[in-house]
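Trainee: Structure below; questions to follow.
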Amino acid sequence: MATENVSYGWQGKIARVNLTTGEITTQSTDPYKYFLGGMGMANKIMYDEVPAGTDPFSPESKVVMAVGPLTASGVPLAGRTTFSHLSTYTTDHLVVDSHCGGMIGAKLKLAGWDGLIIEGASDKPVYIKILDDKITIEDASFVWGMGTRATTEAICRKDGNKFCVAAIGPAGENLLPYACLINSRNHSAGAGLGSILGSKKCKAIVIEGNGSVNVADPKAVAELSDYMISDIVGSNNNHVVPSTQQEWAEYYDKGSRWTARKGLYWAQAEGGAIETGEPKPGELNTVGYRCMKSYKDDGPDAEKYTIKMNGCHSCPIHCYSDMRIPGSAEHGGFEITGNTCVPNFPYLYMIGILGENAGGVKNFSESGVIWNQAIGSTVDDLGLWCNYAQLYRDIAHCVAKGIFKRVLPEDEYNMFDWDAFKNDDPSIMVKILRHIAQNDNEMSYLGHGPIVWCKRWNDMEWFDTTASCLINYRGWPVHHAHECFGQVGAVYNMMFNRDDMIHSAVNFQGCGLPIEKKREIAKEVWGGEDAIDEDKNYTPMNEHKAKFCWWSIVTDVLHDSLTLCNWVWPMAQSPSKDRNYRGDLDLEAKFFKAVTGKDVTTDDLYKAAAKIITLQRANTARGMKDKNGNMGCNDFRNIHDVMTEWPFTKDPDKQPFTEGTDKMEKQDFQKGLTMLYEKFGWDSELGCPTADCLEYYGMSDVEEDLKNLNLLP
């Protein structure tokens with residue numbers, strides 16, 4: 001149990017590395033604990049230390065890596081890491097967060113640190129090496145120019161394979177705005193993070209931690225963990241029914257990520273094929289078989305390539321696919337591949353846009369696995385980020401509409417065999433991606449994002465085309481938007497300075513339970529069954545939807561701060577029939593108390609998360625430009641939270657609020673914004689923080705700052 005003078009959950013210190021001076025210092029975590037850790041702590045440091053208008057590639061720009069009190073504490077699915085930094089690819093280069101799984105966050109925590117601040121810029125390639133309390137700046141000239149895989153191997157050969165290497169690739173070195181940081185082979189933190197590290201000549205963050213995390217009540221942590229895994233958690237995205245009919249299950253849903261079944265194998269498993277079988281709720285030792293993500297994303301032919309399912313630190317679900325695909329290597333990718341999400345199935349985002357240009361892919365399940373893995377493994381090795389598949393859609397569009405032929409210099413255009421798309425040759429995408437990563441040619445502007453290339457190539461109408469999936473004119477695409485509970489997803493897709501990365505709502509949407517059961521839960525959690533609608537059968541905005549939208553945002557921010565995996569958390573539903581499929585939304589608070597010894601309620605944690613998104617909103621107001629180009633603007637409704645036209649104009653033969661469409665209605669969308677603003681205590685017209693809400697959230701310093709900048713309504 002808790003003992004006085006011991007810090008529980010926290011390591012108590014943050015490292016600061018100045019790459020200009022070489023100075024390495026330590027500071028206390030204590031001033032940031034009121035921001036929960038992770039995203040909250042990192043955003044507070046960015047607010048305090050990086051002035052509005054800073055160039056993302058300047059030495060004054062900073063990267064803040066932060067973990068939370070639950071990281072590496074024994075809590076399941078507490079293996080995420082948050083990086084806060086300036087955006088390199090969206091309007092005004094405002095503060096964004098990028099997140100990754102893998103092992104790097106747990107390594108930082110076990111090395112004795114709650115955060116790492118990287119500032120300044122080196123004049124030669126370096127990497128930051130952390131071995132418990134010892135931090136050094138090492139020469140990285142021997143890995144500069146390498147991909148993330150070769151970099152990881154070379155550094156581990158030099159320093160030891162117990163180190164976790166988070167590295168940038170050529171895209172980051174070349175300052176391509178679409179560049180990411182990769183750890184544990186395929187776990188990426190995107191949103192331009194890689195290019196900012198590249199501007200600092202920081203090739204990698206390399207960490208080995210041999211310590212532990214003090215927890216206030218180890219017995220409670222263990223008991224809660226067993227309870228959660230036995231009774232509450234489902235599969236990836238907390239899908240709680242199997243995808244096929246099984247004897248033990250009352251329900252099944254073909255869209256579920258609980259894909260395990262009899263006759264489905266990890267066919268390439270070491271020592272022989274392993275059958276996933278039918279793992280049942282309550283079986284602690286079979287949870288890791290529930291999610292065969294390769295099969296879900298790449299179709300039946302992925303089975304014969306699957307080695308196993310893998311996962312991040314402290315994850316029992318294992319949604320990460322390890323695959324062996326000789327055809328990927330034959331076409332310029334890598335034979336051993338793996339990922340959990342977008343890079344696992346990139347060609348699926350392209351094939352509909354390519355149309356007849358993809359005529360050669362006759363059997364997509366077979367051929368598509370090779371396309372997807374050749375593309376995905378190349379992207380990750382280059383440290384090239386896809387902006388939630390926007391890069392893939394943009395490439396397909398430029399091929400299909402002849403834009404490359406129109407805008408590329410003749411010599412550059414003729415570098416590629418464009419018939420490869422028709423001839424079922426995925427090596428064309430490997431070549432395109434490597435070319436873009438060089439950032440020294442016309443095609444590379446695709447890696448600067450649509451706010452750059454659409455204007456440069458006179459194709460601004462792409463923003464208002466349904467196929468683009470661009471949801472905001474500031475440069476980001478949908479991420480579970482209006483197709484996810486209509487106005488709920490549409491509104492929360494506006495709230496950040498990049499794609500929102502919120503999975504709380506889509507987890508509930510796709511959990512597999514029948515709509516009647518989901519509506520029962522919705523009434524208990526958000527106040528009414530009308531908080532949710534059937535897919536493509538939406539009803540007008542209402543108070544319960546506004547609460548659901550608010551909850552989706554605050555739970556996502558909460559998880560990115562503690563740090564927990566929002567691809568499974570929160571636990572709104574359970575696979576247990578004995579619980580009537582109810583989850584446990586107090587689990588975060590229960591674990592927080594068990595780890596830190598601090599007695600908090602779920603409402604306390606939600607308020608803290610609302611405070612964090614309000615802080616980021618305040619930081620956005622400082623740097624956002626108005627319609628006249630003046631920096632400092634609090635009119636979020638008309639400048640920031642502006643959805644593109646296509647969600648309102650799609651399906652021209654159908655009306656909003658009719659069955660068979662997720663078409664939005666403009667006045668209803670504006671009503672949704674107003675209702676959400678009011679839930680956070682922001683100004684109902686402008687959508688910006690008010691003096692009253694900043695006082696309510698305990699941010700008098702931010703209130704004074706915004707007052708002095710004339711940014712309070």
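Labels for the structure tokens follow display order: chains A, B, ..., residues from 1 in each chain, ligands from 1.
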Taking 4 positions as the minimum chain separation for residues in the same chain, which residues sit within 8 Å of Ile395 in chain A when counting only C-alpha atoms? Answer as an mmCIF file with C-alpha atoms, in the first residue's frame.
Mentor:
```cif
data_model
loop_
_atom_site.group_PDB
_atom_site.id
_atom_site.type_symbol
_atom_site.label_atom_id
_atom_site.label_comp_id
_atom_site.auth_asym_id
_atom_site.auth_seq_id
_atom_site.Cartn_x
_atom_site.Cartn_y
_atom_site.Cartn_z
ATOM 1 C CA MET A 350 -6.433 3.723 -53.843
ATOM 2 C CA LEU A 391 -1.071 10.452 -49.422
ATOM 3 C CA VAL A 399 -2.661 9.117 -61.638
ATOM 4 C CA LEU A 446 2.441 15.531 -52.408
#
```
Trainee: Determine, counting only C-alpha atoms, which protein, DNA and RNA residues have an atom within 12 Å of an atom of range 158-160 of chain A; residues of the same chain fewer than 6 positions away are not included. Present the result as a count of residues only.
Mentor: 14
Trainee: Any idea what's packed within 10 Å of Tyr252 in chain A, counting only C-alpha atoms, ignoring anything in its chain fewer than 2 positions away? Could you give it as a compact mmCIF listing (two decimals) with C-alpha atoms, in the first residue's frame?
Mentor:
```
# COMPACT_ATOMS: atom_id res chain seq x y z
CA VAL A 240 -17.16 -7.70 -28.15
CA VAL A 241 -18.74 -10.32 -30.42
CA PRO A 242 -17.03 -12.68 -32.87
CA SER A 243 -17.15 -12.07 -36.61
CA THR A 244 -18.55 -15.55 -37.25
CA GLN A 245 -21.31 -17.54 -35.61
CA GLN A 246 -19.90 -19.53 -32.70
CA ALA A 249 -21.75 -16.41 -28.57
CA GLU A 250 -25.26 -15.00 -28.50
CA LYS A 254 -19.08 -9.95 -39.81
CA GLY A 255 -17.50 -6.51 -39.33
CA SER A 256 -16.08 -7.36 -35.91
CA TRP A 258 -12.87 -10.47 -33.04
CA CYS A 511 -18.57 -3.41 -31.42
CA GLY A 512 -20.92 -5.94 -32.99
CA LEU A 513 -23.83 -5.72 -30.57
CA PRO A 514 -27.29 -5.29 -32.14
```
Trainee: What's around range 497-499 of chain A at 10 Å? Count only C-alpha atoms, leave out sequence neighbours fewer than 2 positions away in its own chain, and write the answer as a PyMOL selection string.
Mentor: chain A and resi 86-87+89-98+191+387-388+470-472+474-481+492-495+501-502+616-617+620+640-641
Trainee: Residues as selected, C-alpha atoms, written as a short mmCIF file (atom, residue, chain, number, x, y, z; two decimals), in the first residue's frame, can you do that?
Mentor:
```
data_model
loop_
_atom_site.label_atom_id
_atom_site.label_comp_id
_atom_site.auth_asym_id
_atom_site.auth_seq_id
_atom_site.Cartn_x
_atom_site.Cartn_y
_atom_site.Cartn_z
CA LEU A 86 4.14 22.06 -34.35
CA SER A 87 2.38 20.84 -37.47
CA TYR A 89 1.57 20.20 -43.12
CA THR A 90 -1.57 22.05 -41.98
CA THR A 91 -2.55 25.71 -42.05
CA ASP A 92 -0.64 28.02 -39.67
CA HIS A 93 1.61 25.20 -38.36
CA LEU A 94 -0.25 24.98 -35.06
CA VAL A 95 0.42 22.58 -32.20
CA VAL A 96 -0.47 18.95 -32.83
CA ASP A 97 -0.02 15.65 -31.06
CA SER A 98 1.30 12.48 -32.62
CA ALA A 191 2.00 14.49 -38.25
CA ASN A 387 -1.76 11.54 -43.22
CA TYR A 388 -4.28 8.82 -42.47
CA LEU A 470 -10.51 15.74 -46.95
CA ILE A 471 -12.77 16.88 -44.13
CA ASN A 472 -11.27 20.29 -43.32
CA ARG A 474 -6.82 23.25 -43.18
CA GLY A 475 -5.40 20.02 -44.55
CA TRP A 476 -6.59 16.89 -42.81
CA PRO A 477 -8.87 13.99 -43.82
CA VAL A 478 -11.67 12.13 -42.11
CA HIS A 479 -10.80 9.93 -39.17
CA HIS A 480 -14.04 8.14 -38.30
CA ALA A 481 -16.10 11.19 -39.24
CA TYR A 492 -15.21 16.02 -33.43
CA ASN A 493 -13.26 15.83 -36.71
CA MET A 494 -12.99 19.64 -36.50
CA MET A 495 -11.57 19.96 -33.01
CA MET A 501 -7.51 10.06 -34.03
CA ILE A 502 -10.61 9.52 -31.85
CA GLN A 616 -4.78 23.24 -26.90
CA ARG A 617 -7.70 25.35 -28.15
CA THR A 620 -4.46 27.41 -31.37
CA HIS A 640 -11.04 26.55 -37.95
CA ASP A 641 -14.09 24.33 -37.56
#
```
Trainee: List as JSON lines every residue of range 46-123 of chain A that is in contact with range 299-323 of chain A, defined as an atom at most 10 Å from one of its atoms (using only C-alpha atoms), together with the nearest atom pair and the distance in Å rounded to one decimal, sorted by chain and then rising number.
Mentor:
```
{"residue": "A:Thr71", "atom": "CA", "partner": "A:Ser314", "partner_atom": "CA", "distance": 8.8}
{"residue": "A:Ala72", "atom": "CA", "partner": "A:Ser314", "partner_atom": "CA", "distance": 7.2}
{"residue": "A:Ser73", "atom": "CA", "partner": "A:Ser314", "partner_atom": "CA", "distance": 8.9}
{"residue": "A:Gly74", "atom": "CA", "partner": "A:Ser314", "partner_atom": "CA", "distance": 7.0}
{"residue": "A:Val75", "atom": "CA", "partner": "A:Ser314", "partner_atom": "CA", "distance": 7.0}
{"residue": "A:Pro76", "atom": "CA", "partner": "A:Ser314", "partner_atom": "CA", "distance": 5.2}
{"residue": "A:Leu77", "atom": "CA", "partner": "A:Cys315", "partner_atom": "CA", "distance": 4.5}
{"residue": "A:Ala78", "atom": "CA", "partner": "A:Ser314", "partner_atom": "CA", "distance": 6.1}
{"residue": "A:Gly79", "atom": "CA", "partner": "A:His313", "partner_atom": "CA", "distance": 4.8}
{"residue": "A:Arg80", "atom": "CA", "partner": "A:Cys312", "partner_atom": "CA", "distance": 7.9}
{"residue": "A:Cys100", "atom": "CA", "partner": "A:Cys312", "partner_atom": "CA", "distance": 9.3}
{"residue": "A:Gly101", "atom": "CA", "partner": "A:Cys312", "partner_atom": "CA", "distance": 5.6}
{"residue": "A:Gly102", "atom": "CA", "partner": "A:Cys312", "partner_atom": "CA", "distance": 4.4}
{"residue": "A:Met103", "atom": "CA", "partner": "A:His313", "partner_atom": "CA", "distance": 5.5}
{"residue": "A:Ile104", "atom": "CA", "partner": "A:His313", "partner_atom": "CA", "distance": 8.7}
{"residue": "A:Gly105", "atom": "CA", "partner": "A:His313", "partner_atom": "CA", "distance": 8.5}
{"residue": "A:Ala106", "atom": "CA", "partner": "A:His313", "partner_atom": "CA", "distance": 6.8}
{"residue": "A:Lys107", "atom": "CA", "partner": "A:His313", "partner_atom": "CA", "distance": 9.3}
```
Trainee: Under the rule that only C-alpha atoms are counted, which of A:Lys598, A:Arg324, A:Arg290, A:Arg149 is the nearest residue to Ser7 in chain A?
Mentor: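 Using only C-alpha atoms, Ser7 in chain A sits closest to A:Lys598.
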Trainee: Extract, using only C-alpha atoms, all DNA, RNA and protein residues at most 7 Å from Gly376 in chain A, discarding same-chain residues fewer than 6 positions from it, and format them as a list in words.
Mentor: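 The residues satisfying every condition are Pro343, Asn344 and Pro346 of chain A.
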Trainee: Store the residues of this selection in a file with N, CA, C and O atoms, as a compact mmCIF listing (two decimals), in the first residue's frame.
Mentor:
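Contents of out04.txt, as written:
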```txt
# COMPACT_ATOMS: atom_id res chain seq x y z
N PRO A 343 -1.15 1.58 -42.89
CA PRO A 343 -0.13 0.99 -43.75
C PRO A 343 -0.34 -0.50 -44.01
O PRO A 343 0.34 -1.08 -44.84
N ASN A 344 -1.27 -1.12 -43.31
CA ASN A 344 -1.55 -2.53 -43.53
C ASN A 344 -2.42 -2.75 -44.77
O ASN A 344 -2.47 -3.84 -45.31
N PRO A 346 -2.98 -0.04 -47.61
CA PRO A 346 -3.02 1.24 -48.33
C PRO A 346 -3.68 1.16 -49.70
O PRO A 346 -4.34 2.10 -50.13
```
Trainee: Provide the CA of Asn634 in chain A to CA of Leu712 in chain A distance in Å, to one decimal place.
Mentor: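 Straight-line distance from CA of Asn634 in chain A to CA of Leu712 in chain A works out to 7.5 Å.
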Trainee: Can you check which residues of range 273-445 of chain A DSSP gives as strand (DSSP E or B) on the backbone and send them as number ranges by chain?
Mentor: A: 274-275, 306-310, 320-324, 336-337, 384
Trainee: Keeping only N, CA, C and O atoms, write the selected residues to a file as a PDB file, in the first residue's frame.
Mentor:
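The resulting file, result.pdb, is reproduced below:
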```pdb
ATOM      1  N   ILE A 274      -0.537 -22.327 -36.186  1.00  0.00           N
ATOM      2  CA  ILE A 274      -1.279 -22.251 -34.926  1.00  0.00           C
ATOM      3  C   ILE A 274      -2.709 -21.814 -35.233  1.00  0.00           C
ATOM      4  O   ILE A 274      -2.938 -20.799 -35.895  1.00  0.00           O
ATOM      5  N   GLU A 275      -3.668 -22.572 -34.760  1.00  0.00           N
ATOM      6  CA  GLU A 275      -5.075 -22.251 -34.980  1.00  0.00           C
ATOM      7  C   GLU A 275      -5.544 -21.224 -33.955  1.00  0.00           C
ATOM      8  O   GLU A 275      -5.280 -21.376 -32.756  1.00  0.00           O
ATOM      9  N   THR A 306       0.664 -15.084 -42.481  1.00  0.00           N
ATOM     10  CA  THR A 306       0.716 -14.584 -41.102  1.00  0.00           C
ATOM     11  C   THR A 306       1.621 -15.445 -40.223  1.00  0.00           C
ATOM     12  O   THR A 306       1.452 -16.662 -40.123  1.00  0.00           O
ATOM     13  N   ILE A 307       2.576 -14.765 -39.575  1.00  0.00           N
ATOM     14  CA  ILE A 307       3.463 -15.439 -38.615  1.00  0.00           C
ATOM     15  C   ILE A 307       2.790 -15.488 -37.241  1.00  0.00           C
ATOM     16  O   ILE A 307       2.690 -16.535 -36.616  1.00  0.00           O
ATOM     17  N   LYS A 308       2.344 -14.338 -36.797  1.00  0.00           N
ATOM     18  CA  LYS A 308       1.650 -14.252 -35.506  1.00  0.00           C
ATOM     19  C   LYS A 308       1.051 -12.864 -35.389  1.00  0.00           C
ATOM     20  O   LYS A 308       1.313 -11.976 -36.190  1.00  0.00           O
ATOM     21  N   MET A 309       0.262 -12.679 -34.354  1.00  0.00           N
ATOM     22  CA  MET A 309      -0.171 -11.346 -33.965  1.00  0.00           C
ATOM     23  C   MET A 309       0.726 -10.874 -32.835  1.00  0.00           C
ATOM     24  O   MET A 309       1.083 -11.645 -31.936  1.00  0.00           O
ATOM     25  N   ASN A 310       1.107  -9.616 -32.890  1.00  0.00           N
ATOM     26  CA  ASN A 310       2.030  -9.024 -31.934  1.00  0.00           C
ATOM     27  C   ASN A 310       1.340  -7.818 -31.312  1.00  0.00           C
ATOM     28  O   ASN A 310       0.202  -7.501 -31.644  1.00  0.00           O
ATOM     29  N   TYR A 320      -1.378  -6.232 -33.884  1.00  0.00           N
ATOM     30  CA  TYR A 320      -0.258  -5.946 -34.785  1.00  0.00           C
ATOM     31  C   TYR A 320       0.073  -7.202 -35.577  1.00  0.00           C
ATOM     32  O   TYR A 320       0.337  -8.256 -35.004  1.00  0.00           O
ATOM     33  N   SER A 321       0.052  -7.117 -36.893  1.00  0.00           N
ATOM     34  CA  SER A 321       0.264  -8.286 -37.748  1.00  0.00           C
ATOM     35  C   SER A 321       1.739  -8.469 -38.079  1.00  0.00           C
ATOM     36  O   SER A 321       2.366  -7.559 -38.609  1.00  0.00           O
ATOM     37  N   ASP A 322       2.275  -9.639 -37.788  1.00  0.00           N
ATOM     38  CA  ASP A 322       3.595 -10.029 -38.278  1.00  0.00           C
ATOM     39  C   ASP A 322       3.385 -10.974 -39.457  1.00  0.00           C
ATOM     40  O   ASP A 322       2.750 -12.032 -39.315  1.00  0.00           O
ATOM     41  N   MET A 323       3.924 -10.595 -40.629  1.00  0.00           N
ATOM     42  CA  MET A 323       3.684 -11.375 -41.840  1.00  0.00           C
ATOM     43  C   MET A 323       4.992 -11.615 -42.602  1.00  0.00           C
ATOM     44  O   MET A 323       5.900 -10.792 -42.529  1.00  0.00           O
ATOM     45  N   ARG A 324       5.054 -12.733 -43.317  1.00  0.00           N
ATOM     46  CA  ARG A 324       6.188 -13.049 -44.190  1.00  0.00           C
ATOM     47  C   ARG A 324       5.654 -13.136 -45.614  1.00  0.00           C
ATOM     48  O   ARG A 324       4.910 -14.058 -45.961  1.00  0.00           O
ATOM     49  N   ILE A 336       9.491  -9.404 -44.473  1.00  0.00           N
ATOM     50  CA  ILE A 336       8.857  -9.427 -43.153  1.00  0.00           C
ATOM     51  C   ILE A 336       8.210  -8.069 -42.934  1.00  0.00           C
ATOM     52  O   ILE A 336       8.887  -7.038 -42.938  1.00  0.00           O
ATOM     53  N   THR A 337       6.911  -8.082 -42.784  1.00  0.00           N
ATOM     54  CA  THR A 337       6.170  -6.835 -42.654  1.00  0.00           C
ATOM     55  C   THR A 337       5.241  -6.921 -41.454  1.00  0.00           C
ATOM     56  O   THR A 337       5.049  -7.979 -40.866  1.00  0.00           O
ATOM     57  N   LEU A 384       8.024   7.706 -43.751  1.00  0.00           N
ATOM     58  CA  LEU A 384       7.102   8.552 -44.513  1.00  0.00           C
ATOM     59  C   LEU A 384       5.698   8.334 -43.987  1.00  0.00           C
ATOM     60  O   LEU A 384       5.227   7.204 -43.893  1.00  0.00           O
TER      61      LEU A 384
END
```
Trainee: Please, what distance in Å, to one decimal, runs between CA of Trp567 in chain A and CA of Asn238 in chain A?
Mentor: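 Separation of CA of Trp567 in chain A and CA of Asn238 in chain A: 7.4 Å.
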Trainee: Of the candidates A:Ala400, A:Leu711, A:Ala437, A:Ala150, which one gets nearest to Ala691 in chain A if we count only C-alpha atoms?
Mentor: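 Ranking A:Ala400, A:Leu711, A:Ala437, A:Ala150 by distance to Ala691 in chain A, first place goes to A:Leu711.
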Trainee: Please compute the CA of Asn186 in chain A-CA of Asn339 in chain A distance, one decimal, in Å.
Mentor: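 Atom-to-atom, CA of Asn186 in chain A and CA of Asn339 in chain A are spaced 5.8 Å apart.
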Trainee: Pick out each residue of range 272-386 of chain A that DSSP on the backbone tags as alpha helix (DSSP H); I need them as an NGL selection string.
Mentor: :A and (293-298 or 326-330 or 346-354 or 364-382)
Trainee: Env of Asp604 in chain A: 12 Å cut, atoms = only C-alpha atoms, seq-sep filter 4 positions within chain, self excluded. Answer as a PyMOL selection string.
Mentor: chain A and resi 34-36+554-555+558+586+588-590+592-593+598-600+608-611+697
Trainee: Could those residues be written to a file, using N, CA and C atoms, as a PDB file, in the first residue's frame?
Mentor:
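Okay, this is what ended up in out14.pdb:
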```
ATOM      1  N   TYR A  34      -1.056  18.231 -12.840  1.00  0.00           N
ATOM      2  CA  TYR A  34      -2.460  18.618 -12.960  1.00  0.00           C
ATOM      3  C   TYR A  34      -2.966  18.504 -14.393  1.00  0.00           C
ATOM      4  N   PHE A  35      -2.051  18.191 -15.319  1.00  0.00           N
ATOM      5  CA  PHE A  35      -2.427  17.955 -16.714  1.00  0.00           C
ATOM      6  C   PHE A  35      -2.322  16.472 -17.072  1.00  0.00           C
ATOM      7  N   LEU A  36      -2.338  15.609 -16.058  1.00  0.00           N
ATOM      8  CA  LEU A  36      -2.482  14.160 -16.160  1.00  0.00           C
ATOM      9  C   LEU A  36      -1.264  13.416 -16.693  1.00  0.00           C
ATOM     10  N   VAL A 554     -13.208  13.789 -24.834  1.00  0.00           N
ATOM     11  CA  VAL A 554     -12.506  13.788 -23.546  1.00  0.00           C
ATOM     12  C   VAL A 554     -11.922  12.411 -23.225  1.00  0.00           C
ATOM     13  N   THR A 555     -12.576  11.340 -23.641  1.00  0.00           N
ATOM     14  CA  THR A 555     -11.983  10.029 -23.374  1.00  0.00           C
ATOM     15  C   THR A 555     -10.728   9.821 -24.221  1.00  0.00           C
ATOM     16  N   LEU A 558      -8.068  11.881 -22.581  1.00  0.00           N
ATOM     17  CA  LEU A 558      -7.720  11.212 -21.322  1.00  0.00           C
ATOM     18  C   LEU A 558      -6.749  10.060 -21.573  1.00  0.00           C
ATOM     19  N   ASP A 586     -15.689   3.242 -15.361  1.00  0.00           N
ATOM     20  CA  ASP A 586     -14.937   3.757 -14.216  1.00  0.00           C
ATOM     21  C   ASP A 586     -13.559   3.110 -14.099  1.00  0.00           C
ATOM     22  N   GLU A 588     -10.787   3.556 -15.741  1.00  0.00           N
ATOM     23  CA  GLU A 588      -9.657   4.485 -15.741  1.00  0.00           C
ATOM     24  C   GLU A 588      -9.429   5.065 -14.346  1.00  0.00           C
ATOM     25  N   ALA A 589     -10.521   5.460 -13.687  1.00  0.00           N
ATOM     26  CA  ALA A 589     -10.404   6.039 -12.345  1.00  0.00           C
ATOM     27  C   ALA A 589      -9.946   4.995 -11.330  1.00  0.00           C
ATOM     28  N   LYS A 590     -10.434   3.777 -11.466  1.00  0.00           N
ATOM     29  CA  LYS A 590     -10.031   2.709 -10.549  1.00  0.00           C
ATOM     30  C   LYS A 590      -8.536   2.413 -10.682  1.00  0.00           C
ATOM     31  N   PHE A 592      -6.304   4.484 -11.920  1.00  0.00           N
ATOM     32  CA  PHE A 592      -5.575   5.683 -11.510  1.00  0.00           C
ATOM     33  C   PHE A 592      -5.371   5.685  -9.996  1.00  0.00           C
ATOM     34  N   LYS A 593      -6.411   5.356  -9.255  1.00  0.00           N
ATOM     35  CA  LYS A 593      -6.291   5.309  -7.797  1.00  0.00           C
ATOM     36  C   LYS A 593      -5.339   4.198  -7.360  1.00  0.00           C
ATOM     37  N   LYS A 598      -4.150   8.355  -5.577  1.00  0.00           N
ATOM     38  CA  LYS A 598      -5.036   9.521  -5.568  1.00  0.00           C
ATOM     39  C   LYS A 598      -6.465   9.073  -5.853  1.00  0.00           C
ATOM     40  N   ASP A 599      -7.364   9.413  -4.982  1.00  0.00           N
ATOM     41  CA  ASP A 599      -8.760   8.999  -5.118  1.00  0.00           C
ATOM     42  C   ASP A 599      -9.490   9.983  -6.026  1.00  0.00           C
ATOM     43  N   VAL A 600      -9.693   9.577  -7.262  1.00  0.00           N
ATOM     44  CA  VAL A 600     -10.380  10.441  -8.222  1.00  0.00           C
ATOM     45  C   VAL A 600     -11.622   9.727  -8.741  1.00  0.00           C
ATOM     46  N   ALA A 608     -10.429  16.880 -16.221  1.00  0.00           N
ATOM     47  CA  ALA A 608      -9.012  17.123 -16.510  1.00  0.00           C
ATOM     48  C   ALA A 608      -8.738  17.020 -18.002  1.00  0.00           C
ATOM     49  N   ALA A 609      -9.385  16.064 -18.673  1.00  0.00           N
ATOM     50  CA  ALA A 609      -9.212  15.925 -20.119  1.00  0.00           C
ATOM     51  C   ALA A 609      -9.832  17.105 -20.862  1.00  0.00           C
ATOM     52  N   ALA A 610     -10.984  17.571 -20.399  1.00  0.00           N
ATOM     53  CA  ALA A 610     -11.604  18.751 -21.009  1.00  0.00           C
ATOM     54  C   ALA A 610     -10.699  19.973 -20.848  1.00  0.00           C
ATOM     55  N   LYS A 611      -9.999  20.029 -19.739  1.00  0.00           N
ATOM     56  CA  LYS A 611      -9.037  21.114 -19.506  1.00  0.00           C
ATOM     57  C   LYS A 611      -7.914  21.054 -20.544  1.00  0.00           C
ATOM     58  N   TYR A 697     -11.451  25.596 -15.241  1.00  0.00           N
ATOM     59  CA  TYR A 697     -10.441  24.563 -15.435  1.00  0.00           C
ATOM     60  C   TYR A 697      -9.134  24.866 -14.702  1.00  0.00           C
TER      61      TYR A 697
END
```
Trainee: Counting only C-alpha atoms, what are the residues of range 524-591 of chain A within 12 Å of range 114-122 of chain A, and for each of them which pair of atoms is the nearest and at what distance in Å, to one decimal? Sort the table by chain and rising number, as a Markdown table.
Mentor:
```
| residue | atom | partner | partner_atom | distance |
| --- | --- | --- | --- | --- |
| A:Ser561 | CA | A:Asp114 | CA | 11.4 |
| A:Leu562 | CA | A:Asp114 | CA | 11.1 |
| A:Thr563 | CA | A:Asp114 | CA | 11.1 |
```
Trainee: Save out the residues we just selected, N, CA, C and O atoms, as a short mmCIF file (atom, residue, chain, number, x, y, z; two decimals), in the first residue's frame.
Mentor:
```cif
data_model
loop_
_atom_site.label_atom_id
_atom_site.label_comp_id
_atom_site.auth_asym_id
_atom_site.auth_seq_id
_atom_site.Cartn_x
_atom_site.Cartn_y
_atom_site.Cartn_z
N SER A 561 -3.27 10.98 -22.46
CA SER A 561 -2.57 11.62 -21.35
C SER A 561 -2.15 10.61 -20.29
O SER A 561 -1.10 10.77 -19.66
N LEU A 562 -2.91 9.54 -20.10
CA LEU A 562 -2.61 8.63 -18.99
C LEU A 562 -1.40 7.68 -19.18
O LEU A 562 -0.74 7.39 -18.18
N THR A 563 -0.92 7.06 -20.16
CA THR A 563 -1.37 6.92 -21.54
C THR A 563 -1.95 5.52 -21.76
O THR A 563 -1.33 4.53 -21.39
#
```
Trainee: Extract, using only C-alpha atoms, all DNA, RNA and protein residues at most 9 Å from Lys518 in chain A, discarding same-chain residues fewer than 4 positions from it, and format them as a PyMOL selection string.
Mentor: chain A and resi 508-509+511+513-514+522-523+529+532+573
Trainee: Those same residues - C-alpha atoms - I'd like them written as a CSV table (one decimal), in the first residue's frame.
Mentor:
```csv
chain,number,residue,atom,x,y,z
A,508,PHE,CA,-18.9,1.6,-29.9
A,509,GLN,CA,-20.3,1.8,-33.4
A,511,CYS,CA,-18.6,-3.4,-31.4
A,513,LEU,CA,-23.8,-5.7,-30.6
A,514,PRO,CA,-27.3,-5.3,-32.1
A,522,ALA,CA,-26.4,4.8,-25.0
A,523,LYS,CA,-29.3,5.7,-22.8
A,529,GLU,CA,-31.2,6.1,-26.9
A,532,ILE,CA,-26.9,7.1,-31.6
A,573,GLN,CA,-19.3,-2.5,-23.6
```
